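*Asks:* For reference, the structure I am asking about is given below.
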Amino acid sequence: MTRTFRTSMTALHTWCGLMLGWLLYAIFITGTASYYRPEITQWMQPELRPHRAEPAVLMDRALNEIRRQAPDATTIYVRFPNDRDAGLHLNWQTPDGARVVRVVDAETARIEARDSRGGEFFYRFHFQLQLPYPWGRYIASLAAAFMLVALFTGIVAHRQFFKDFFTFRPAKPGTRSWLDVHNLSGVIALPFYFMIAYSAQVIFVDLLTPWARLATEPPVVEAAAQPVTPPDSGAAAAAATGAPGENTPAVDTGSPGIPPLPVEAMMKAYHDRHGNRMLGSLYATGLGTERGTVTIMPWADGKIPYEPRNALVFSAQDGTLQGAPPGAPGLFTKIHDTFYGLHIARFAGPFLRGLFFFLGLLGSVLVGTGLVMWTIKRRKRHESRRGAGKADPGYWLVERLNVATLVGFPVALAAMLWANRLLPYDLPHRGDREVHVVFTVWALCFVHACLRPARRAWVEQLGCAAMLFTLLPFLDVLTTTGFERRLGFNLVLVMLGGACAWGALHLAARRSSTRVPARDPARDAGDSLPSPRETAP
Amino acid sequence: MKSAFPARSPFRSLPRFDVAVRILTAVVGGYILASLASAAVALTFPGPRAEALLAGGMCAFVVYPATVVWSFLPASALRACMGVTALCALLAIGVLVLRSTL
């Protein structure tokens, strides 16, 4: 065969898809869920009730509670509640290196939520893959880079999609309808995919290419201290300074009984700059030393660019504002902030957020259908070879991994929500156990997929997912109060369950209707034989 | 897409060595080229350093996928590898020269 541009690109498309498809799928699913991170947390920590309070009141409440529990904390991180997130997140670290994470209600700061990662698990898995720093970020970024390649080569490989755009043949057997779904989900949201894949890397720009920084480092070693950058849950810090955020133990060594933070002075400066704007987070480090700083971030203001530069940095000793007020950002800073903001979509209101969620789901469908097509395209050859006694382990593995990831991963996530309600309330390391449930169930799904015939495995796991998702709202009603606060989330769970049920029934029906003819080799071959148009170059 | 799939995939007709060289060129060569490009852009950028770093980094994220695509284009894998290597060498020299003028 002559190697043309298009055949090379098609081969590359297939190769990238197969190498990174499963990983991308898991990243897409958790990333899509992360658009509703606070809502997931709300569901998983139903003890927390929404409460509105002035910024200064919340600040006092949070810091007093940390002081009451750990007067010698040298590093403090507080995330304040907002319209969507009811919890007051208190994290601190003591000189002996112990890290404590508490999520309490905003009204009293005393009612503690059950130990659960909540939406944080989805968010963290999305870019850290539950791996030690920084490997998860590297692998996720590599997946993003290859997603760009897959998108470009996909356009070349499926260039007929402009013609096929209005073609959807759900009733047509074989590859055709899968291809239609693949193309359709690809075309509809193409700009979104490019934006997501590119911005994913832009967020970790310094982690991925520190070489620009290293090459432009002035030859004389700088003696000045690096300014402290506020971590927005770790991600921004890593992006801005290359600091690992949450995963690094702080190196501060302070003495016990550290003087209280100069709240009044800080809040006055905050009020001067941001008025009554909701608080985002507070990050205090090096407390008890002369270099201790406090960084206060306001809550996002509905603008697209994500601007860590809105942060105010204070001296922890006397509350004096440090650093010059930020000047107007340059062009590339603006581009960076805009990509960052677009990726995390904190600016989005309910409608836009729903749209992003839908586009994320479409992305999962795009990756999923691509993976399924790989097996369908090869099924005929595989069956004939198996008939001749030559099994193809590669095909077998792809088929199993498809079931275990495309359906097994959502099953595992649903199982986590079940564990959240069913595990004993005061089980030690409860939050960690929930995460263990995800990986245990995922592994079980893989084992199940290996033991069952492929079609049965699809139907059974889809059925399992349908049951798990659909029954979750009932479990919610039975085990906790305040169902009405989580109505939307429960509705989405039922819809996801419904989609899985539809898939299971659809597959089961097709199976029973083709069972008899499937024994007829001629008919079987005709099923997966490409139409004449498909074989045209 | 259809014609290039299963039985007659171009990968199937190529020796394993060829594919391995392309993958190595794409994944590793691509990263080296992208890094050098980011450094070169940052060193030549007329403006504040913070801006230069972002410009370099964001440029690298275009260079990397482009290099991956490039690695799979030429008829011979070795030619792809040599092309990427030559460009890397050129950029490396450029970066070293620019760096010495800092």
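Labels used: A, B, ... for chains in the order of the structure tokens, numbers from 1 for residues in each chain, and numbers from 1 for ligands as shown.
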Write out as a compact mmCIF listing (two decimals) with N, CA, C and O atoms, in the first residue's frame each polymer residue whose atoms come within 10 Å of Ile93 (chain B), counting only C-alpha atoms; drop sequence neighbours fewer than 5 positions from it.
*Replies:*
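Saved result, around23.txt, follows:
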```txt
# COMPACT_ATOMS: atom_id res chain seq x y z
N LEU B 36 13.34 22.81 23.47
CA LEU B 36 14.29 23.74 22.87
C LEU B 36 13.55 24.92 22.25
O LEU B 36 13.99 26.07 22.36
N ALA B 40 14.12 28.77 23.11
CA ALA B 40 14.50 29.72 22.06
C ALA B 40 13.52 30.89 22.03
O ALA B 40 13.93 32.06 21.95
N LEU B 87 16.83 19.42 13.41
CA LEU B 87 16.19 20.64 13.90
C LEU B 87 16.54 20.88 15.36
O LEU B 87 16.78 22.01 15.79
N CYS B 88 16.58 19.79 16.14
CA CYS B 88 16.96 19.89 17.55
C CYS B 88 18.37 20.47 17.66
O CYS B 88 18.62 21.36 18.48
N LEU B 98 22.32 32.21 22.22
CA LEU B 98 21.49 33.24 22.85
C LEU B 98 21.77 33.31 24.34
O LEU B 98 21.82 34.38 24.94
N ARG B 99 21.95 32.14 24.94
CA ARG B 99 22.16 32.06 26.39
C ARG B 99 23.48 32.73 26.77
O ARG B 99 23.57 33.38 27.81
```
*Asks:* Pull out every residue of chain A that has at least one atom within 9 Å of chain B, counting only C-alpha atoms, and report them as JSON, numbers by chain.
*Replies:* {"A": [1, 2, 3, 4, 5, 6, 7, 8, 9, 10, 11, 12, 14, 145, 146, 147, 148, 149, 152, 153, 154, 156, 157, 158, 159, 160, 198, 201, 202, 205, 206, 208, 209, 210, 211, 212, 213, 214, 215, 216, 217, 218, 219, 329, 330, 331, 332, 333, 335, 336, 374, 377, 378, 381, 530, 534, 535, 536, 537]}
*Asks:* Can you list, as number ranges by chain, every protein, DNA or RNA residue that comes within 8 Å of Glu399 (chain A) when you count only C-alpha atoms, leaving out same-chain residues fewer than 4 positions away?
*Replies:* A: 372, 375, 395, 403, 454
*Asks:* Near region 109-113 of chain A, counting only C-alpha atoms, which residues have an atom at most 9 Å away, once you skip same-chain residues fewer than 6 positions from it, shown as JSON, numbers by chain?
*Replies:* {"A": [45, 46, 47, 48, 61, 62, 65, 87, 88, 102, 103]}
*Asks:* Go ahead and save the residues from that selection, with N, CA, C and O atoms, as an mmCIF file, in the first residue's frame.
*Replies:*
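Result written to result14.cif:
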```
data_model
loop_
_atom_site.group_PDB
_atom_site.id
_atom_site.type_symbol
_atom_site.label_atom_id
_atom_site.label_comp_id
_atom_site.auth_asym_id
_atom_site.auth_seq_id
_atom_site.Cartn_x
_atom_site.Cartn_y
_atom_site.Cartn_z
ATOM 1 N N GLN A 45 -21.150 14.858 51.458
ATOM 2 C CA GLN A 45 -21.054 15.335 52.844
ATOM 3 C C GLN A 45 -22.350 16.067 53.185
ATOM 4 O O GLN A 45 -22.367 17.288 53.362
ATOM 5 N N PRO A 46 -23.439 15.314 53.294
ATOM 6 C CA PRO A 46 -24.754 15.958 53.424
ATOM 7 C C PRO A 46 -24.964 16.656 54.766
ATOM 8 O O PRO A 46 -25.973 17.325 54.943
ATOM 9 N N GLU A 47 -24.007 16.514 55.689
ATOM 10 C CA GLU A 47 -24.165 17.161 56.994
ATOM 11 C C GLU A 47 -24.088 18.681 56.878
ATOM 12 O O GLU A 47 -24.544 19.399 57.765
ATOM 13 N N LEU A 48 -23.438 19.160 55.803
ATOM 14 C CA LEU A 48 -23.184 20.597 55.696
ATOM 15 C C LEU A 48 -24.391 21.308 55.097
ATOM 16 O O LEU A 48 -24.906 20.908 54.068
ATOM 17 N N ARG A 61 -14.262 33.050 62.146
ATOM 18 C CA ARG A 61 -14.762 31.733 62.547
ATOM 19 C C ARG A 61 -13.739 30.647 62.170
ATOM 20 O O ARG A 61 -13.402 29.782 62.980
ATOM 21 N N ALA A 62 -13.236 30.740 60.958
ATOM 22 C CA ALA A 62 -12.311 29.705 60.476
ATOM 23 C C ALA A 62 -11.015 29.727 61.278
ATOM 24 O O ALA A 62 -10.549 28.685 61.769
ATOM 25 N N GLU A 65 -11.348 28.593 64.924
ATOM 26 C CA GLU A 65 -11.505 27.142 65.066
ATOM 27 C C GLU A 65 -10.156 26.433 64.888
ATOM 28 O O GLU A 65 -9.823 25.507 65.626
ATOM 29 N N GLY A 87 -19.357 23.867 52.569
ATOM 30 C CA GLY A 87 -18.384 23.520 53.601
ATOM 31 C C GLY A 87 -17.303 24.561 53.791
ATOM 32 O O GLY A 87 -16.913 25.286 52.879
ATOM 33 N N LEU A 88 -16.825 24.637 55.034
ATOM 34 C CA LEU A 88 -15.655 25.444 55.353
ATOM 35 C C LEU A 88 -14.500 24.447 55.471
ATOM 36 O O LEU A 88 -14.488 23.601 56.361
ATOM 37 N N ARG A 102 -10.058 19.192 57.857
ATOM 38 C CA ARG A 102 -11.390 19.143 58.462
ATOM 39 C C ARG A 102 -12.336 19.909 57.553
ATOM 40 O O ARG A 102 -12.006 20.990 57.090
ATOM 41 N N VAL A 103 -13.508 19.324 57.329
ATOM 42 C CA VAL A 103 -14.541 20.065 56.620
ATOM 43 C C VAL A 103 -15.678 20.268 57.605
ATOM 44 O O VAL A 103 -16.244 19.299 58.108
#
```
*Asks:* From a DSSP calculation on the backbone, collect every residue of chain B in helix (DSSP H, G or I) and output the set as an NGL selection string.
*Replies:* :B and (6-8 or 10-13 or 16-44 or 49-71 or 77-100)
*Asks:* Store the residues picked out above in a file with C-alpha atoms, as a PDB file, in the first residue's frame.
*Replies:*
```pdb
ATOM      1  CA  PRO B   6      -7.651  -3.660   9.894  1.00  0.00           C
ATOM      2  CA  ALA B   7      -6.229  -6.011   7.362  1.00  0.00           C
ATOM      3  CA  ARG B   8      -4.298  -3.437   5.414  1.00  0.00           C
ATOM      4  CA  PRO B  10       0.008   0.701   7.109  1.00  0.00           C
ATOM      5  CA  PHE B  11       1.543  -0.369  10.404  1.00  0.00           C
ATOM      6  CA  ARG B  12       1.115  -3.969   9.407  1.00  0.00           C
ATOM      7  CA  SER B  13       3.105  -3.490   6.246  1.00  0.00           C
ATOM      8  CA  ARG B  16       8.583  -3.228  13.679  1.00  0.00           C
ATOM      9  CA  PHE B  17      11.838  -1.300  13.764  1.00  0.00           C
ATOM     10  CA  ASP B  18      10.345   1.407  11.600  1.00  0.00           C
ATOM     11  CA  VAL B  19       7.394   1.921  13.918  1.00  0.00           C
ATOM     12  CA  ALA B  20       9.609   1.880  17.008  1.00  0.00           C
ATOM     13  CA  VAL B  21      11.854   4.589  15.559  1.00  0.00           C
ATOM     14  CA  ARG B  22       8.843   6.735  14.705  1.00  0.00           C
ATOM     15  CA  ILE B  23       7.345   6.374  18.158  1.00  0.00           C
ATOM     16  CA  LEU B  24      10.649   7.211  19.811  1.00  0.00           C
ATOM     17  CA  THR B  25      11.105  10.211  17.523  1.00  0.00           C
ATOM     18  CA  ALA B  26       7.593  11.384  18.270  1.00  0.00           C
ATOM     19  CA  VAL B  27       7.527  10.933  22.031  1.00  0.00           C
ATOM     20  CA  VAL B  28      11.116  11.712  23.031  1.00  0.00           C
ATOM     21  CA  GLY B  29      12.309  13.772  20.055  1.00  0.00           C
ATOM     22  CA  GLY B  30       9.105  15.748  20.181  1.00  0.00           C
ATOM     23  CA  TYR B  31       9.683  16.644  23.809  1.00  0.00           C
ATOM     24  CA  ILE B  32      13.284  17.708  23.227  1.00  0.00           C
ATOM     25  CA  LEU B  33      12.296  19.799  20.218  1.00  0.00           C
ATOM     26  CA  ALA B  34       9.398  21.393  22.088  1.00  0.00           C
ATOM     27  CA  SER B  35      11.616  22.193  25.076  1.00  0.00           C
ATOM     28  CA  LEU B  36      14.291  23.744  22.870  1.00  0.00           C
ATOM     29  CA  ALA B  37      11.630  25.727  21.035  1.00  0.00           C
ATOM     30  CA  SER B  38      10.261  27.041  24.321  1.00  0.00           C
ATOM     31  CA  ALA B  39      13.743  28.062  25.420  1.00  0.00           C
ATOM     32  CA  ALA B  40      14.498  29.722  22.064  1.00  0.00           C
ATOM     33  CA  VAL B  41      11.230  31.662  22.088  1.00  0.00           C
ATOM     34  CA  ALA B  42      11.738  32.726  25.694  1.00  0.00           C
ATOM     35  CA  LEU B  43      15.297  33.886  24.960  1.00  0.00           C
ATOM     36  CA  THR B  44      14.292  35.946  21.935  1.00  0.00           C
ATOM     37  CA  ARG B  49      10.522  37.476  31.580  1.00  0.00           C
ATOM     38  CA  ALA B  50       7.209  36.209  32.933  1.00  0.00           C
ATOM     39  CA  GLU B  51       5.647  36.868  29.541  1.00  0.00           C
ATOM     40  CA  ALA B  52       8.574  35.241  27.750  1.00  0.00           C
ATOM     41  CA  LEU B  53       8.221  32.023  29.762  1.00  0.00           C
ATOM     42  CA  LEU B  54       4.514  31.760  28.989  1.00  0.00           C
ATOM     43  CA  ALA B  55       5.075  32.514  25.307  1.00  0.00           C
ATOM     44  CA  GLY B  56       7.765  29.830  25.147  1.00  0.00           C
ATOM     45  CA  GLY B  57       5.700  27.256  26.988  1.00  0.00           C
ATOM     46  CA  MET B  58       2.577  27.816  24.952  1.00  0.00           C
ATOM     47  CA  CYS B  59       4.619  27.563  21.789  1.00  0.00           C
ATOM     48  CA  ALA B  60       6.021  24.218  22.955  1.00  0.00           C
ATOM     49  CA  PHE B  61       2.512  22.772  23.255  1.00  0.00           C
ATOM     50  CA  VAL B  62       2.017  23.366  19.531  1.00  0.00           C
ATOM     51  CA  VAL B  63       5.486  22.128  18.560  1.00  0.00           C
ATOM     52  CA  TYR B  64       5.050  18.813  20.391  1.00  0.00           C
ATOM     53  CA  PRO B  65       1.943  17.492  18.612  1.00  0.00           C
ATOM     54  CA  ALA B  66       3.271  18.887  15.330  1.00  0.00           C
ATOM     55  CA  THR B  67       6.462  16.874  15.790  1.00  0.00           C
ATOM     56  CA  VAL B  68       4.455  13.761  16.547  1.00  0.00           C
ATOM     57  CA  VAL B  69       2.529  14.186  13.303  1.00  0.00           C
ATOM     58  CA  TRP B  70       5.740  14.920  11.439  1.00  0.00           C
ATOM     59  CA  SER B  71       7.379  11.721  12.742  1.00  0.00           C
ATOM     60  CA  ALA B  77      11.308   6.397   9.677  1.00  0.00           C
ATOM     61  CA  LEU B  78      14.992   7.190   9.691  1.00  0.00           C
ATOM     62  CA  ARG B  79      14.379  10.282   7.626  1.00  0.00           C
ATOM     63  CA  ALA B  80      11.802  11.453  10.165  1.00  0.00           C
ATOM     64  CA  CYS B  81      14.234  10.794  12.986  1.00  0.00           C
ATOM     65  CA  MET B  82      17.077  12.608  11.244  1.00  0.00           C
ATOM     66  CA  GLY B  83      14.854  15.569  10.447  1.00  0.00           C
ATOM     67  CA  VAL B  84      13.806  15.998  14.059  1.00  0.00           C
ATOM     68  CA  THR B  85      17.383  15.485  15.267  1.00  0.00           C
ATOM     69  CA  ALA B  86      18.752  18.063  12.831  1.00  0.00           C
ATOM     70  CA  LEU B  87      16.187  20.643  13.902  1.00  0.00           C
ATOM     71  CA  CYS B  88      16.960  19.887  17.550  1.00  0.00           C
ATOM     72  CA  ALA B  89      20.670  20.412  16.906  1.00  0.00           C
ATOM     73  CA  LEU B  90      20.044  23.725  15.143  1.00  0.00           C
ATOM     74  CA  LEU B  91      17.825  24.976  17.939  1.00  0.00           C
ATOM     75  CA  ALA B  92      20.251  23.766  20.589  1.00  0.00           C
ATOM     76  CA  ILE B  93      23.060  25.769  19.002  1.00  0.00           C
ATOM     77  CA  GLY B  94      20.764  28.768  18.777  1.00  0.00           C
ATOM     78  CA  VAL B  95      19.768  28.450  22.434  1.00  0.00           C
ATOM     79  CA  LEU B  96      23.408  28.120  23.548  1.00  0.00           C
ATOM     80  CA  VAL B  97      24.426  31.198  21.560  1.00  0.00           C
ATOM     81  CA  LEU B  98      21.494  33.241  22.849  1.00  0.00           C
ATOM     82  CA  ARG B  99      22.162  32.062  26.385  1.00  0.00           C
ATOM     83  CA  SER B 100      25.799  33.148  26.235  1.00  0.00           C
TER      84      SER B 100
END
```
*Asks:* Rank nothing, just name the residue among A:Val441, A:Leu371, A:Ala106, A:Leu361 nearest to Leu179 (chain A), using only C-alpha atoms.
*Replies:*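 Distance minimum relative to Leu179 (chain A) lands on A:Leu371.
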*Asks:* CA of Phe192 (chain A) and CA of Leu355 (chain A) are how many Å apart?
*Replies:* 10.7 Å
*Asks:* Any idea what the distance is between CA of Gly394 (chain A) and CA of Arg137 (chain A)?
*Replies:*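 Those two atoms sit 28.2 Å apart.
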*Asks:* CA of Ser177 (chain A) to CA of Ile196 (chain A): how many Å, to one decimal?
*Replies:*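 So the answer is 26.3 Å.
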*Asks:* Find the spatial neighbours of region 485-498 of chain A, counting only C-alpha atoms, within a cut-off of 7 Å - ignore same-chain residues fewer than 6 positions away - and output them as an MDAnalysis selection string.
*Replies:* chainID A and resid 43 465:467 469:470 473
*Asks:* Please write the residues from the selection above to a file, keeping all heavy atoms, as a PDB file, in the first residue's frame.
*Replies:*
```pdb
ATOM      1  N   TRP A  43     -23.264  16.294  48.012  1.00  0.00           N
ATOM      2  CA  TRP A  43     -23.956  15.002  48.092  1.00  0.00           C
ATOM      3  C   TRP A  43     -23.217  14.066  49.046  1.00  0.00           C
ATOM      4  O   TRP A  43     -23.831  13.329  49.811  1.00  0.00           O
ATOM      5  CB  TRP A  43     -24.024  14.372  46.694  1.00  0.00           C
ATOM      6  CG  TRP A  43     -25.046  13.279  46.574  1.00  0.00           C
ATOM      7  CD1 TRP A  43     -26.332  13.412  46.162  1.00  0.00           C
ATOM      8  CD2 TRP A  43     -24.863  11.890  46.866  1.00  0.00           C
ATOM      9  NE1 TRP A  43     -26.976  12.213  46.177  1.00  0.00           N
ATOM     10  CE2 TRP A  43     -26.099  11.241  46.614  1.00  0.00           C
ATOM     11  CE3 TRP A  43     -23.795  11.121  47.334  1.00  0.00           C
ATOM     12  CZ2 TRP A  43     -26.286   9.874  46.794  1.00  0.00           C
ATOM     13  CZ3 TRP A  43     -23.983   9.766  47.517  1.00  0.00           C
ATOM     14  CH2 TRP A  43     -25.223   9.154  47.249  1.00  0.00           C
ATOM     15  N   ALA A 465     -24.392  -0.929  36.206  1.00  0.00           N
ATOM     16  CA  ALA A 465     -24.265   0.534  36.303  1.00  0.00           C
ATOM     17  C   ALA A 465     -25.642   1.171  36.399  1.00  0.00           C
ATOM     18  O   ALA A 465     -25.861   2.093  37.206  1.00  0.00           O
ATOM     19  CB  ALA A 465     -23.510   1.075  35.093  1.00  0.00           C
ATOM     20  N   ALA A 466     -26.577   0.682  35.595  1.00  0.00           N
ATOM     21  CA  ALA A 466     -27.934   1.245  35.598  1.00  0.00           C
ATOM     22  C   ALA A 466     -28.554   1.114  36.982  1.00  0.00           C
ATOM     23  O   ALA A 466     -29.116   2.071  37.527  1.00  0.00           O
ATOM     24  CB  ALA A 466     -28.785   0.536  34.557  1.00  0.00           C
ATOM     25  N   MET A 467     -28.426  -0.082  37.575  1.00  0.00           N
ATOM     26  CA  MET A 467     -28.981  -0.307  38.916  1.00  0.00           C
ATOM     27  C   MET A 467     -28.327   0.623  39.934  1.00  0.00           C
ATOM     28  O   MET A 467     -29.003   1.278  40.728  1.00  0.00           O
ATOM     29  CB  MET A 467     -28.722  -1.752  39.359  1.00  0.00           C
ATOM     30  CG  MET A 467     -29.395  -2.797  38.513  1.00  0.00           C
ATOM     31  SD  MET A 467     -31.018  -3.107  39.146  1.00  0.00           S
ATOM     32  CE  MET A 467     -30.595  -4.225  40.474  1.00  0.00           C
ATOM     33  N   PHE A 469     -26.672   3.462  39.627  1.00  0.00           N
ATOM     34  CA  PHE A 469     -26.962   4.894  39.492  1.00  0.00           C
ATOM     35  C   PHE A 469     -28.416   5.192  39.828  1.00  0.00           C
ATOM     36  O   PHE A 469     -28.716   6.147  40.532  1.00  0.00           O
ATOM     37  CB  PHE A 469     -26.650   5.375  38.069  1.00  0.00           C
ATOM     38  CG  PHE A 469     -25.192   5.697  37.859  1.00  0.00           C
ATOM     39  CD1 PHE A 469     -24.424   4.965  36.970  1.00  0.00           C
ATOM     40  CD2 PHE A 469     -24.594   6.730  38.557  1.00  0.00           C
ATOM     41  CE1 PHE A 469     -23.082   5.258  36.779  1.00  0.00           C
ATOM     42  CE2 PHE A 469     -23.255   7.037  38.368  1.00  0.00           C
ATOM     43  CZ  PHE A 469     -22.497   6.297  37.480  1.00  0.00           C
ATOM     44  N   THR A 470     -29.325   4.367  39.326  1.00  0.00           N
ATOM     45  CA  THR A 470     -30.745   4.674  39.497  1.00  0.00           C
ATOM     46  C   THR A 470     -31.169   4.556  40.956  1.00  0.00           C
ATOM     47  O   THR A 470     -32.019   5.313  41.424  1.00  0.00           O
ATOM     48  CB  THR A 470     -31.600   3.720  38.642  1.00  0.00           C
ATOM     49  OG1 THR A 470     -30.970   3.580  37.379  1.00  0.00           O
ATOM     50  CG2 THR A 470     -32.998   4.255  38.462  1.00  0.00           C
ATOM     51  N   PRO A 473     -30.396   7.686  44.382  1.00  0.00           N
ATOM     52  CA  PRO A 473     -31.286   8.654  45.046  1.00  0.00           C
ATOM     53  C   PRO A 473     -32.120   8.021  46.152  1.00  0.00           C
ATOM     54  O   PRO A 473     -32.369   8.662  47.180  1.00  0.00           O
ATOM     55  CB  PRO A 473     -32.175   9.141  43.902  1.00  0.00           C
ATOM     56  CG  PRO A 473     -31.360   8.936  42.690  1.00  0.00           C
ATOM     57  CD  PRO A 473     -30.558   7.699  42.941  1.00  0.00           C
TER      58      PRO A 473
END
```
*Asks:* Any idea what's packed within 8 Å of region 410-413 of chain A, counting only C-alpha atoms, ignoring anything in its chain fewer than 4 positions away? Could you give it as a ChimeraX atom specification?
*Replies:* /A:405-406,417,437-442,461,464-465,468
*Asks:* For the selection you just gave me, I'd like the residues written to a file as a PDB file, in the first residue's frame, keeping C-alpha atoms.
*Replies:*
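The resulting file, out.pdb, is shown below:
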```pdb
ATOM      1  CA  THR A 405     -13.096   0.874  31.396  1.00  0.00           C
ATOM      2  CA  LEU A 406     -16.013   2.250  29.404  1.00  0.00           C
ATOM      3  CA  LEU A 417     -21.145   6.919  46.110  1.00  0.00           C
ATOM      4  CA  VAL A 437     -13.717   1.002  46.806  1.00  0.00           C
ATOM      5  CA  VAL A 438     -13.300   2.711  43.438  1.00  0.00           C
ATOM      6  CA  PHE A 439     -10.175   0.805  42.540  1.00  0.00           C
ATOM      7  CA  THR A 440     -11.360  -2.499  43.971  1.00  0.00           C
ATOM      8  CA  VAL A 441     -14.621  -2.370  42.043  1.00  0.00           C
ATOM      9  CA  TRP A 442     -12.800  -1.288  38.902  1.00  0.00           C
ATOM     10  CA  GLN A 461     -21.956  -4.329  33.498  1.00  0.00           C
ATOM     11  CA  CYS A 464     -25.077  -3.124  36.993  1.00  0.00           C
ATOM     12  CA  ALA A 465     -24.265   0.534  36.303  1.00  0.00           C
ATOM     13  CA  LEU A 468     -26.272   1.434  40.922  1.00  0.00           C
TER      14      LEU A 468
END
```
*Asks:* Please identify all polymer residues within 10 Å of Val435 (chain A), counting only C-alpha atoms, omitting same-chain residues fewer than 6 positions from it, and present them as a PyMOL selection string.
*Replies:* chain A and resi 116-117+121+130+412-413+415-416+419-420
*Asks:* Any chance you can output those residues with all heavy atoms as a short mmCIF file (atom, residue, chain, number, x, y, z; two decimals), in the first residue's frame?
*Replies:*
```cif
data_model
loop_
_atom_site.label_atom_id
_atom_site.label_comp_id
_atom_site.auth_asym_id
_atom_site.auth_seq_id
_atom_site.Cartn_x
_atom_site.Cartn_y
_atom_site.Cartn_z
N SER A 116 -14.79 12.18 53.90
CA SER A 116 -14.97 11.77 52.50
C SER A 116 -14.22 12.77 51.64
O SER A 116 -14.11 13.94 51.98
CB SER A 116 -16.46 11.78 52.14
OG SER A 116 -16.61 11.75 50.74
N ARG A 117 -13.69 12.29 50.54
CA ARG A 117 -13.00 13.22 49.65
C ARG A 117 -14.00 14.08 48.88
O ARG A 117 -13.64 15.10 48.33
CB ARG A 117 -12.15 12.47 48.64
CG ARG A 117 -11.16 11.52 49.25
CD ARG A 117 -9.82 12.21 49.48
NE ARG A 117 -8.96 11.33 50.23
CZ ARG A 117 -8.06 10.52 49.66
NH1 ARG A 117 -7.92 10.52 48.37
NH2 ARG A 117 -7.30 9.74 50.39
N PHE A 121 -12.11 14.07 45.02
CA PHE A 121 -11.53 12.86 44.43
C PHE A 121 -11.58 12.94 42.90
O PHE A 121 -10.59 12.69 42.22
CB PHE A 121 -12.27 11.61 44.90
CG PHE A 121 -11.88 10.38 44.10
CD1 PHE A 121 -10.68 9.76 44.33
CD2 PHE A 121 -12.71 9.90 43.09
CE1 PHE A 121 -10.29 8.66 43.58
CE2 PHE A 121 -12.33 8.81 42.34
CZ PHE A 121 -11.12 8.19 42.58
N GLN A 130 -4.32 9.69 40.90
CA GLN A 130 -4.06 8.94 42.13
C GLN A 130 -2.62 8.42 42.17
O GLN A 130 -2.32 7.42 42.79
CB GLN A 130 -5.06 7.78 42.24
CG GLN A 130 -5.41 7.35 43.63
CD GLN A 130 -6.18 8.43 44.38
OE1 GLN A 130 -6.84 9.28 43.80
NE2 GLN A 130 -6.08 8.40 45.69
N ALA A 412 -17.49 1.75 39.01
CA ALA A 412 -16.65 1.95 40.19
C ALA A 412 -16.95 3.29 40.86
O ALA A 412 -16.98 3.38 42.09
CB ALA A 412 -15.18 1.89 39.77
N LEU A 413 -17.20 4.32 40.04
CA LEU A 413 -17.52 5.63 40.62
C LEU A 413 -18.86 5.59 41.34
O LEU A 413 -19.03 6.17 42.42
CB LEU A 413 -17.54 6.71 39.52
CG LEU A 413 -16.18 7.00 38.87
CD1 LEU A 413 -16.34 8.03 37.76
CD2 LEU A 413 -15.17 7.49 39.89
N ALA A 415 -20.09 2.98 42.68
CA ALA A 415 -19.84 2.19 43.89
C ALA A 415 -19.27 3.08 44.99
O ALA A 415 -19.56 2.88 46.18
CB ALA A 415 -18.88 1.05 43.58
N MET A 416 -18.47 4.07 44.59
CA MET A 416 -17.92 4.99 45.59
C MET A 416 -19.03 5.76 46.28
O MET A 416 -19.01 5.95 47.51
CB MET A 416 -16.97 5.97 44.90
CG MET A 416 -16.29 6.90 45.85
SD MET A 416 -15.61 8.32 44.99
CE MET A 416 -14.28 8.74 46.09
N ALA A 419 -20.59 3.48 48.70
CA ALA A 419 -19.74 3.34 49.88
C ALA A 419 -19.87 4.55 50.78
O ALA A 419 -19.87 4.45 52.00
CB ALA A 419 -18.29 3.15 49.45
N ASN A 420 -20.03 5.72 50.15
CA ASN A 420 -20.15 6.95 50.93
C ASN A 420 -21.34 6.89 51.89
O ASN A 420 -21.30 7.43 52.99
CB ASN A 420 -20.31 8.13 49.97
CG ASN A 420 -20.55 9.43 50.69
OD1 ASN A 420 -21.67 9.85 50.92
ND2 ASN A 420 -19.46 10.07 51.09
#
```
